[in-house]
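Peer 1: Below is the file model12.tsv, which contains TSV, N, CA and C atoms.
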chain	number	residue	atom	x	y	z
A	1044	ARG	N	88.91	-19.30	-23.76
A	1044	ARG	CA	88.09	-20.43	-24.12
A	1044	ARG	C	86.64	-20.10	-23.81
A	1045	ILE	N	85.76	-20.50	-24.69
A	1045	ILE	CA	84.34	-20.23	-24.52
A	1045	ILE	C	83.78	-21.19	-23.47
A	1046	PRO	N	83.09	-20.68	-22.46
A	1046	PRO	CA	82.53	-21.58	-21.45
A	1046	PRO	C	81.35	-22.36	-22.02
A	1047	PRO	N	81.05	-23.53	-21.45
A	1047	PRO	CA	79.89	-24.28	-21.92
A	1047	PRO	C	78.60	-23.54	-21.58
A	1048	HIS	N	77.55	-23.83	-22.33
A	1048	HIS	CA	76.25	-23.21	-22.08
A	1048	HIS	C	75.72	-23.64	-20.71
A	1049	ASN	N	75.20	-22.68	-19.97
A	1049	ASN	CA	74.62	-22.96	-18.67
A	1049	ASN	C	73.22	-23.54	-18.89
A	1050	PRO	N	72.98	-24.79	-18.50
A	1050	PRO	CA	71.67	-25.40	-18.74
A	1050	PRO	C	70.52	-24.70	-18.01
A	1051	GLU	N	70.82	-23.88	-17.00
A	1051	GLU	CA	69.77	-23.15	-16.29
A	1051	GLU	C	69.36	-21.88	-17.03
A	1052	CYS	N	70.12	-21.50	-18.05
A	1052	CYS	CA	69.79	-20.31	-18.83
A	1052	CYS	C	68.62	-20.63	-19.75
A	1053	GLU	N	67.55	-19.85	-19.65
A	1053	GLU	CA	66.35	-20.09	-20.45
A	1053	GLU	C	66.31	-19.24	-21.70
A	1054	ARG	N	67.24	-18.34	-21.85
A	1054	ARG	CA	67.24	-17.47	-23.02
A	1054	ARG	C	67.87	-18.21	-24.20
A	1055	PHE	N	67.17	-18.21	-25.32
A	1055	PHE	CA	67.67	-18.85	-26.52
A	1055	PHE	C	67.97	-17.78	-27.55
A	1056	LEU	N	69.18	-17.78	-28.07
A	1056	LEU	CA	69.54	-16.82	-29.09
A	1056	LEU	C	69.24	-17.42	-30.46
A	1057	SER	N	68.38	-16.74	-31.20
A	1057	SER	CA	68.08	-17.22	-32.54
A	1057	SER	C	69.16	-16.74	-33.48
A	1058	GLY	N	69.15	-17.27	-34.66
A	1058	GLY	CA	70.14	-16.88	-35.65
A	1058	GLY	C	71.25	-17.90	-35.74
A	1059	LYS	N	72.05	-17.70	-36.74
A	1059	LYS	CA	73.11	-18.66	-37.01
A	1059	LYS	C	74.47	-18.12	-36.57
A	1060	ALA	N	75.37	-19.04	-36.35
A	1060	ALA	CA	76.75	-18.69	-36.00
A	1060	ALA	C	77.40	-18.01	-37.20
A	1061	PRO	N	78.48	-17.26	-36.96
A	1061	PRO	CA	79.18	-16.63	-38.07
A	1061	PRO	C	79.64	-17.69	-39.08
A	1062	VAL	N	79.67	-17.30	-40.34
A	1062	VAL	CA	80.18	-18.17	-41.39
A	1062	VAL	C	81.56	-17.64	-41.78
A	1063	ILE	N	82.58	-18.46	-41.60
A	1063	ILE	CA	83.94	-18.06	-41.96
A	1063	ILE	C	84.07	-18.15	-43.48
A	1064	THR	N	84.37	-17.00	-44.10
A	1064	THR	CA	84.50	-16.95	-45.56
A	1064	THR	C	85.95	-17.02	-46.02
A	1065	SER	N	86.87	-16.72	-45.13
A	1065	SER	CA	88.30	-16.85	-45.44
A	1065	SER	C	89.04	-17.08	-44.14
A	1066	PRO	N	89.87	-18.12	-44.12
A	1066	PRO	CA	90.21	-19.05	-45.18
A	1066	PRO	C	89.09	-20.07	-45.39
A	1067	VAL	N	89.27	-20.92	-46.39
A	1067	VAL	CA	88.25	-21.90	-46.74
A	1067	VAL	C	88.51	-23.20	-45.98
A	1068	ASP	N	87.46	-23.72	-45.36
A	1068	ASP	CA	87.54	-24.93	-44.55
A	1068	ASP	C	88.13	-26.09	-45.35
A	1069	LYS	N	89.04	-26.81	-44.73
A	1069	LYS	CA	89.66	-28.03	-45.25
A	1069	LYS	C	90.52	-27.80	-46.49
A	1070	ASN	N	90.93	-26.57	-46.75
A	1070	ASN	CA	91.84	-26.28	-47.86
A	1070	ASN	C	93.28	-26.31	-47.39
A	1071	GLU	N	94.19	-26.52	-48.35
A	1071	GLU	CA	95.62	-26.47	-48.06
A	1071	GLU	C	96.16	-25.15	-48.62
A	1072	TYR	N	96.96	-24.46	-47.82
A	1072	TYR	CA	97.54	-23.18	-48.20
A	1072	TYR	C	99.06	-23.34	-48.24
A	1073	PHE	N	99.64	-22.87	-49.34
A	1073	PHE	CA	101.09	-22.92	-49.52
A	1073	PHE	C	101.66	-21.54	-49.23
A	1074	VAL	N	102.61	-21.48	-48.30
A	1074	VAL	CA	103.19	-20.22	-47.86
A	1074	VAL	C	104.67	-20.22	-48.23
A	1075	ASN	N	105.09	-19.20	-48.98
A	1075	ASN	CA	106.48	-19.06	-49.38
A	1075	ASN	C	107.30	-18.60	-48.17
A	1076	VAL	N	108.33	-19.37	-47.82
A	1076	VAL	CA	109.13	-19.06	-46.63
A	1076	VAL	C	109.97	-17.80	-46.81
A	1077	GLU	N	110.19	-17.38	-48.06
A	1077	GLU	CA	111.02	-16.20	-48.32
A	1077	GLU	C	110.22	-14.90	-48.33
A	1078	GLU	N	108.91	-14.99	-48.18
A	1078	GLU	CA	108.07	-13.80	-48.18
A	1078	GLU	C	107.27	-13.75	-46.87
A	1079	ASP	N	106.86	-12.56	-46.49
A	1079	ASP	CA	106.01	-12.39	-45.32
A	1079	ASP	C	104.56	-12.57	-45.74
A	1080	MET	N	104.15	-13.81	-45.91
A	1080	MET	CA	102.79	-14.09	-46.37
A	1080	MET	C	101.85	-14.25	-45.18
A	1081	GLU	N	100.67	-13.71	-45.34
A	1081	GLU	CA	99.65	-13.80	-44.30
A	1081	GLU	C	98.38	-14.40	-44.90
A	1082	ILE	N	97.55	-14.92	-44.04
A	1082	ILE	CA	96.25	-15.46	-44.45
A	1082	ILE	C	95.18	-14.55	-43.88
A	1083	MET	N	94.19	-14.25	-44.72
A	1083	MET	CA	93.10	-13.35	-44.31
A	1083	MET	C	92.03	-14.11	-43.54
A	1084	LEU	N	91.50	-13.45	-42.51
A	1084	LEU	CA	90.35	-13.94	-41.75
A	1084	LEU	C	89.18	-13.02	-42.05
A	1085	SER	N	88.07	-13.59	-42.48
A	1085	SER	CA	86.85	-12.81	-42.67
A	1085	SER	C	85.65	-13.72	-42.45
A	1086	CYS	N	84.51	-13.09	-42.12
A	1086	CYS	CA	83.30	-13.86	-41.87
A	1086	CYS	C	82.07	-13.05	-42.25
A	1087	HIS	N	80.96	-13.76	-42.35
A	1087	HIS	CA	79.64	-13.13	-42.45
A	1087	HIS	C	78.93	-13.44	-41.13
A	1088	ALA	N	78.34	-12.41	-40.53
A	1088	ALA	CA	77.63	-12.60	-39.26
A	1088	ALA	C	76.25	-11.95	-39.36
A	1089	ASN	N	75.34	-12.40	-38.51
A	1089	ASN	CA	73.97	-11.87	-38.49
A	1089	ASN	C	73.96	-10.36	-38.24
A	1090	ASN	N	72.85	-9.73	-38.61
A	1090	ASN	CA	72.69	-8.29	-38.43
A	1090	ASN	C	72.74	-7.86	-36.97
A	1091	ASP	N	72.39	-8.75	-36.04
A	1091	ASP	CA	72.39	-8.38	-34.63
A	1091	ASP	C	73.78	-8.42	-34.00
A	1092	VAL	N	74.80	-8.73	-34.77
A	1092	VAL	CA	76.17	-8.87	-34.28
A	1092	VAL	C	76.96	-7.59	-34.54
A	1093	GLU	N	77.70	-7.15	-33.53
A	1093	GLU	CA	78.59	-6.01	-33.69
A	1093	GLU	C	80.06	-6.44	-33.72
A	1094	LYS	N	80.42	-7.39	-32.86
A	1094	LYS	CA	81.82	-7.83	-32.73
A	1094	LYS	C	81.93	-9.33	-32.93
A	1095	VAL	N	83.08	-9.74	-33.45
A	1095	VAL	CA	83.42	-11.16	-33.52
A	1095	VAL	C	84.78	-11.35	-32.86
A	1096	TYR	N	85.04	-12.56	-32.44
A	1096	TYR	CA	86.26	-12.89	-31.72
A	1096	TYR	C	86.91	-14.09	-32.42
A	1097	TRP	N	88.15	-13.91	-32.82
A	1097	TRP	CA	88.88	-14.92	-33.58
A	1097	TRP	C	89.84	-15.69	-32.66
A	1098	TYR	N	89.89	-17.00	-32.88
A	1098	TYR	CA	90.78	-17.89	-32.14
A	1098	TYR	C	91.57	-18.72	-33.14
A	1099	ILE	N	92.86	-18.87	-32.90
A	1099	ILE	CA	93.71	-19.71	-33.74
A	1099	ILE	C	94.31	-20.78	-32.84
A	1100	ASN	N	94.04	-22.03	-33.18
A	1100	ASN	CA	94.49	-23.18	-32.38
A	1100	ASN	C	94.10	-23.01	-30.91
A	1101	LYS	N	92.83	-22.64	-30.71
A	1101	LYS	CA	92.21	-22.52	-29.39
A	1101	LYS	C	92.77	-21.38	-28.54
A	1102	ARG	N	93.53	-20.47	-29.14
A	1102	ARG	CA	94.06	-19.30	-28.43
A	1102	ARG	C	93.44	-18.05	-29.02
A	1103	PHE	N	93.04	-17.15	-28.13
A	1103	PHE	CA	92.45	-15.90	-28.59
A	1103	PHE	C	93.43	-15.16	-29.48
A	1104	PHE	N	92.94	-14.69	-30.66
A	1104	PHE	CA	93.78	-13.94	-31.59
A	1104	PHE	C	93.42	-12.45	-31.55
A	1105	LYS	N	92.18	-12.11	-31.96
A	1105	LYS	CA	91.78	-10.70	-31.96
A	1105	LYS	C	90.27	-10.54	-31.92
A	1106	GLU	N	89.86	-9.39	-31.44
A	1106	GLU	CA	88.46	-8.94	-31.51
A	1106	GLU	C	88.37	-8.03	-32.73
A	1107	ALA	N	87.23	-8.10	-33.45
A	1107	ALA	CA	87.07	-7.27	-34.64
A	1107	ALA	C	85.60	-6.94	-34.86
A	1108	ARG	N	85.36	-5.91	-35.67
A	1108	ARG	CA	84.00	-5.65	-36.14
A	1108	ARG	C	83.63	-6.78	-37.09
A	1109	LYS	N	82.35	-7.08	-37.19
A	1109	LYS	CA	81.95	-8.25	-37.98
A	1109	LYS	C	82.37	-8.18	-39.44
A	1110	GLU	N	82.48	-6.97	-40.00
A	1110	GLU	CA	82.84	-6.83	-41.41
A	1110	GLU	C	84.34	-6.63	-41.62
A	1111	GLU	N	85.10	-6.58	-40.54
A	1111	GLU	CA	86.54	-6.29	-40.61
A	1111	GLU	C	87.33	-7.53	-41.06
A	1112	GLN	N	88.30	-7.30	-41.92
A	1112	GLN	CA	89.20	-8.36	-42.35
A	1112	GLN	C	90.49	-8.27	-41.54
A	1113	LEU	N	90.94	-9.41	-41.04
A	1113	LEU	CA	92.19	-9.48	-40.28
A	1113	LEU	C	93.16	-10.38	-41.02
A	1114	PHE	N	94.44	-10.28	-40.67
A	1114	PHE	CA	95.46	-11.13	-41.29
A	1114	PHE	C	96.34	-11.71	-40.20
A	1115	PHE	N	96.81	-12.96	-40.43
A	1115	PHE	CA	97.74	-13.57	-39.49
A	1115	PHE	C	98.80	-14.35	-40.26
A	1116	THR	N	99.98	-14.47	-39.66
A	1116	THR	CA	101.06	-15.26	-40.24
A	1116	THR	C	100.95	-16.66	-39.67
A	1117	PRO	N	100.68	-17.63	-40.54
A	1117	PRO	CA	100.42	-18.98	-40.02
A	1117	PRO	C	101.69	-19.77	-39.75
A	1118	ASN	N	101.59	-20.70	-38.82
A	1118	ASN	CA	102.62	-21.71	-38.62
A	1118	ASN	C	102.33	-22.84	-39.59
A	1119	GLU	N	103.32	-23.66	-39.85
A	1119	GLU	CA	103.12	-24.80	-40.73
A	1119	GLU	C	102.35	-25.89	-40.00
A	1120	GLY	N	101.52	-26.62	-40.74
A	1120	GLY	CA	100.76	-27.74	-40.17
A	1120	GLY	C	99.27	-27.48	-40.17
A	1121	ASN	N	98.57	-28.28	-39.37
A	1121	ASN	CA	97.11	-28.13	-39.23
A	1121	ASN	C	96.81	-26.94	-38.33
A	1122	ILE	N	95.86	-26.12	-38.76
A	1122	ILE	CA	95.47	-24.96	-37.97
A	1122	ILE	C	93.96	-24.96	-37.79
A	1123	GLU	N	93.53	-24.81	-36.55
A	1123	GLU	CA	92.10	-24.70	-36.23
A	1123	GLU	C	91.78	-23.22	-36.04
A	1124	ILE	N	90.77	-22.74	-36.75
A	1124	ILE	CA	90.36	-21.34	-36.68
A	1124	ILE	C	88.91	-21.29	-36.24
A	1125	SER	N	88.63	-20.51	-35.20
A	1125	SER	CA	87.27	-20.35	-34.70
A	1125	SER	C	86.87	-18.88	-34.73
A	1126	CYS	N	85.59	-18.65	-34.96
A	1126	CYS	CA	85.04	-17.31	-34.93
A	1126	CYS	C	83.78	-17.34	-34.08
A	1127	SER	N	83.75	-16.53	-33.03
A	1127	SER	CA	82.59	-16.44	-32.14
A	1127	SER	C	82.02	-15.04	-32.26
A	1128	ASP	N	80.69	-14.95	-32.23
A	1128	ASP	CA	80.09	-13.61	-32.26
A	1128	ASP	C	79.79	-13.15	-30.83
A	1129	ASP	N	79.35	-11.91	-30.70
A	1129	ASP	CA	79.10	-11.35	-29.37
A	1129	ASP	C	77.82	-11.88	-28.74
A	1130	LYS	N	77.17	-12.84	-29.38
A	1130	LYS	CA	76.01	-13.52	-28.82
A	1130	LYS	C	76.36	-14.93	-28.35
A	1131	GLY	N	77.63	-15.33	-28.55
A	1131	GLY	CA	78.09	-16.64	-28.08
A	1131	GLY	C	78.01	-17.74	-29.11
A	1132	ARG	N	77.62	-17.43	-30.33
A	1132	ARG	CA	77.55	-18.44	-31.38
A	1132	ARG	C	78.94	-18.61	-31.98
A	1133	ASN	N	79.31	-19.83	-32.33
A	1133	ASN	CA	80.67	-20.13	-32.73
A	1133	ASN	C	80.72	-21.06	-33.95
A	1134	THR	N	81.74	-20.85	-34.79
A	1134	THR	CA	82.04	-21.72	-35.92
A	1134	THR	C	83.52	-22.02	-35.91
A	1135	THR	N	83.87	-23.25	-36.24
A	1135	THR	CA	85.28	-23.66	-36.28
A	1135	THR	C	85.57	-24.36	-37.60
A	1136	ILE	N	86.73	-24.04	-38.19
A	1136	ILE	CA	87.20	-24.70	-39.40
A	1136	ILE	C	88.63	-25.16	-39.17
A	1137	THR	N	89.15	-25.98	-40.09
A	1137	THR	CA	90.55	-26.37	-40.05
A	1137	THR	C	91.15	-26.18	-41.45
A	1138	ILE	N	92.42	-25.78	-41.46
A	1138	ILE	CA	93.17	-25.67	-42.71
A	1138	ILE	C	94.52	-26.34	-42.53
A	1139	GLU	N	95.19	-26.62	-43.63
A	1139	GLU	CA	96.55	-27.15	-43.62
A	1139	GLU	C	97.46	-26.12	-44.27
A	1140	VAL	N	98.57	-25.80	-43.61
A	1140	VAL	CA	99.53	-24.83	-44.15
A	1140	VAL	C	100.84	-25.58	-44.43
A	1141	THR	N	101.34	-25.41	-45.66
A	1141	THR	CA	102.60	-26.01	-46.07
A	1141	THR	C	103.55	-24.92	-46.49
A	1142	TYR	N	104.75	-24.93	-45.93
A	1142	TYR	CA	105.77	-23.95	-46.31
A	1142	TYR	C	106.49	-24.44	-47.57
A	1143	THR	N	106.73	-23.53	-48.50
A	1143	THR	CA	107.46	-23.86	-49.73
A	1143	THR	C	108.55	-22.82	-49.93
A	1144	ASP	N	109.51	-23.15	-50.81
A	1144	ASP	CA	110.55	-22.17	-51.13
A	1144	ASP	C	110.43	-21.70	-52.58
A	1145	MET	N	109.27	-21.86	-53.16
A	1145	MET	CA	109.05	-21.41	-54.54
A	1145	MET	C	108.29	-20.12	-54.57
Take the structure in this file and express it as structure tokens.
Peer 2:
Amino acid sequence: RIPPHNPECERFLSGKAPVITSPVDKNEYFVNVEEDMEIMLSCHANNDVEKVYWYINKRFFKEARKEEQLFFTPNEGNIEISCSDDKGRNTTITIEVTYTDM
């Protein structure tokens, strides 16, 4: 879990938090239960970023290079996905996953 910002810290990091490009915020994803389907994680991050950290439902998933694409097998239901950069900037989205047999 990312700790809260220390109010005594005077250093301000400029730039924007990573932008999650996949999956798409507030979209519904249909996953075929008979196939090993995965959802891709990708983001755009500032030039000063080397690493990003992915969280799924508030649990650490993986560390990656900012341009690296990762994949995960989702559970059914609402899923919260967060991406934090190595400067402490964070973005969070939510998706809905529905299992189908088609």
Peer 1: So which one's closest to Asn1100 of chain A, A:Val1140, A:Ile1124, A:Val1076, A:Met1145? Using only C-alpha atoms, please.
Peer 2: A:Ile1124
Peer 1: I'd like the interatomic distance between atom CA of Val1062 of chain A and atom CA of Glu1106 of chain A, to a tenth of an Å.
Peer 2: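 If I compute the distance from atom CA of Val1062 of chain A to atom CA of Glu1106 of chain A, I get 15.9 Å.
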Peer 1: Enumerate as number ranges by chain all residues of chain A assigned to strand (DSSP E) by DSSP on the backbone, naming them with the chain letters and numbers the document uses.
Peer 2: A: 1062-1065, 1071-1075, 1082-1087, 1094-1099, 1102-1108, 1113-1115, 1120-1128, 1133-1143
Peer 1: To one decimal in Å, tell me the separation between atom N of Glu1111 of chain A and atom CA of Arg1132 of chain A.
Peer 2: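 Value for the atom N of Glu1111 of chain A-atom CA of Arg1132 of chain A distance: 16.8 Å.
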Peer 1: Could you state the separation of atom CA of Asp1129 of chain A and atom CA of Ile1099 of chain A in Å, given to one decimal place?
Peer 2: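 So the answer is 17.4 Å.
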Peer 1: For Asn1118 of chain A, please output as an mmCIF file with N, CA and C atoms, in the frame of the given file all residues within 8 Å (counting only N, CA and C atoms; exclusion window: fewer than 6 positions along the same chain).
Peer 2:
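Result saved to out_22.cif:
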data_model
loop_
_atom_site.group_PDB
_atom_site.id
_atom_site.type_symbol
_atom_site.label_atom_id
_atom_site.label_comp_id
_atom_site.auth_asym_id
_atom_site.auth_seq_id
_atom_site.Cartn_x
_atom_site.Cartn_y
_atom_site.Cartn_z
ATOM 1 N N GLU A 1139 95.190 -26.620 -43.630
ATOM 2 C CA GLU A 1139 96.550 -27.150 -43.620
ATOM 3 C C GLU A 1139 97.460 -26.120 -44.270
ATOM 4 N N VAL A 1140 98.570 -25.800 -43.610
ATOM 5 C CA VAL A 1140 99.530 -24.830 -44.150
ATOM 6 C C VAL A 1140 100.840 -25.580 -44.430
ATOM 7 N N THR A 1141 101.340 -25.410 -45.660
ATOM 8 C CA THR A 1141 102.600 -26.010 -46.070
ATOM 9 C C THR A 1141 103.550 -24.920 -46.490
ATOM 10 N N TYR A 1142 104.750 -24.930 -45.930
ATOM 11 C CA TYR A 1142 105.770 -23.950 -46.310
ATOM 12 C C TYR A 1142 106.490 -24.440 -47.570
#
Peer 1: Would you pick out the contacts of Leu1113 of chain A at 6.5 Å or less, using all atoms listed in the file, so that residues sharing its chain but fewer than 6 positions from it are not included, and give the list as a PyMOL selection string?
Peer 2: chain A and resi 1082-1085
Peer 1: Take the residues from that selection and put them in a file with N, CA and C atoms, as a PDB file, in the coordinates of the input.
Peer 2:
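Written file, result_19.pdb:
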ATOM      1  N   ILE A1082      97.550 -14.920 -44.040  1.00  0.00           N
ATOM      2  CA  ILE A1082      96.250 -15.460 -44.450  1.00  0.00           C
ATOM      3  C   ILE A1082      95.180 -14.550 -43.880  1.00  0.00           C
ATOM      4  N   MET A1083      94.190 -14.250 -44.720  1.00  0.00           N
ATOM      5  CA  MET A1083      93.100 -13.350 -44.310  1.00  0.00           C
ATOM      6  C   MET A1083      92.030 -14.110 -43.540  1.00  0.00           C
ATOM      7  N   LEU A1084      91.500 -13.450 -42.510  1.00  0.00           N
ATOM      8  CA  LEU A1084      90.350 -13.940 -41.750  1.00  0.00           C
ATOM      9  C   LEU A1084      89.180 -13.020 -42.050  1.00  0.00           C
ATOM     10  N   SER A1085      88.070 -13.590 -42.480  1.00  0.00           N
ATOM     11  CA  SER A1085      86.850 -12.810 -42.670  1.00  0.00           C
ATOM     12  C   SER A1085      85.650 -13.720 -42.450  1.00  0.00           C
TER      13      SER A1085
END
Peer 1: Nearest residue to Tyr1098 of chain A out of A:Asn1133, A:Gln1112, A:Ser1125, A:Val1074, using only C-alpha atoms?
Peer 2: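 Nearest to Tyr1098 of chain A: A:Ser1125.
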Peer 1: Between A:Asp1091, A:Lys1130, A:Glu1081, A:Ile1063, single out the one closest to Pro1117 of chain A, counting all atoms listed in the file.
Peer 2: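 Counting all atoms listed in the file, the residue closest to Pro1117 of chain A is A:Glu1081.
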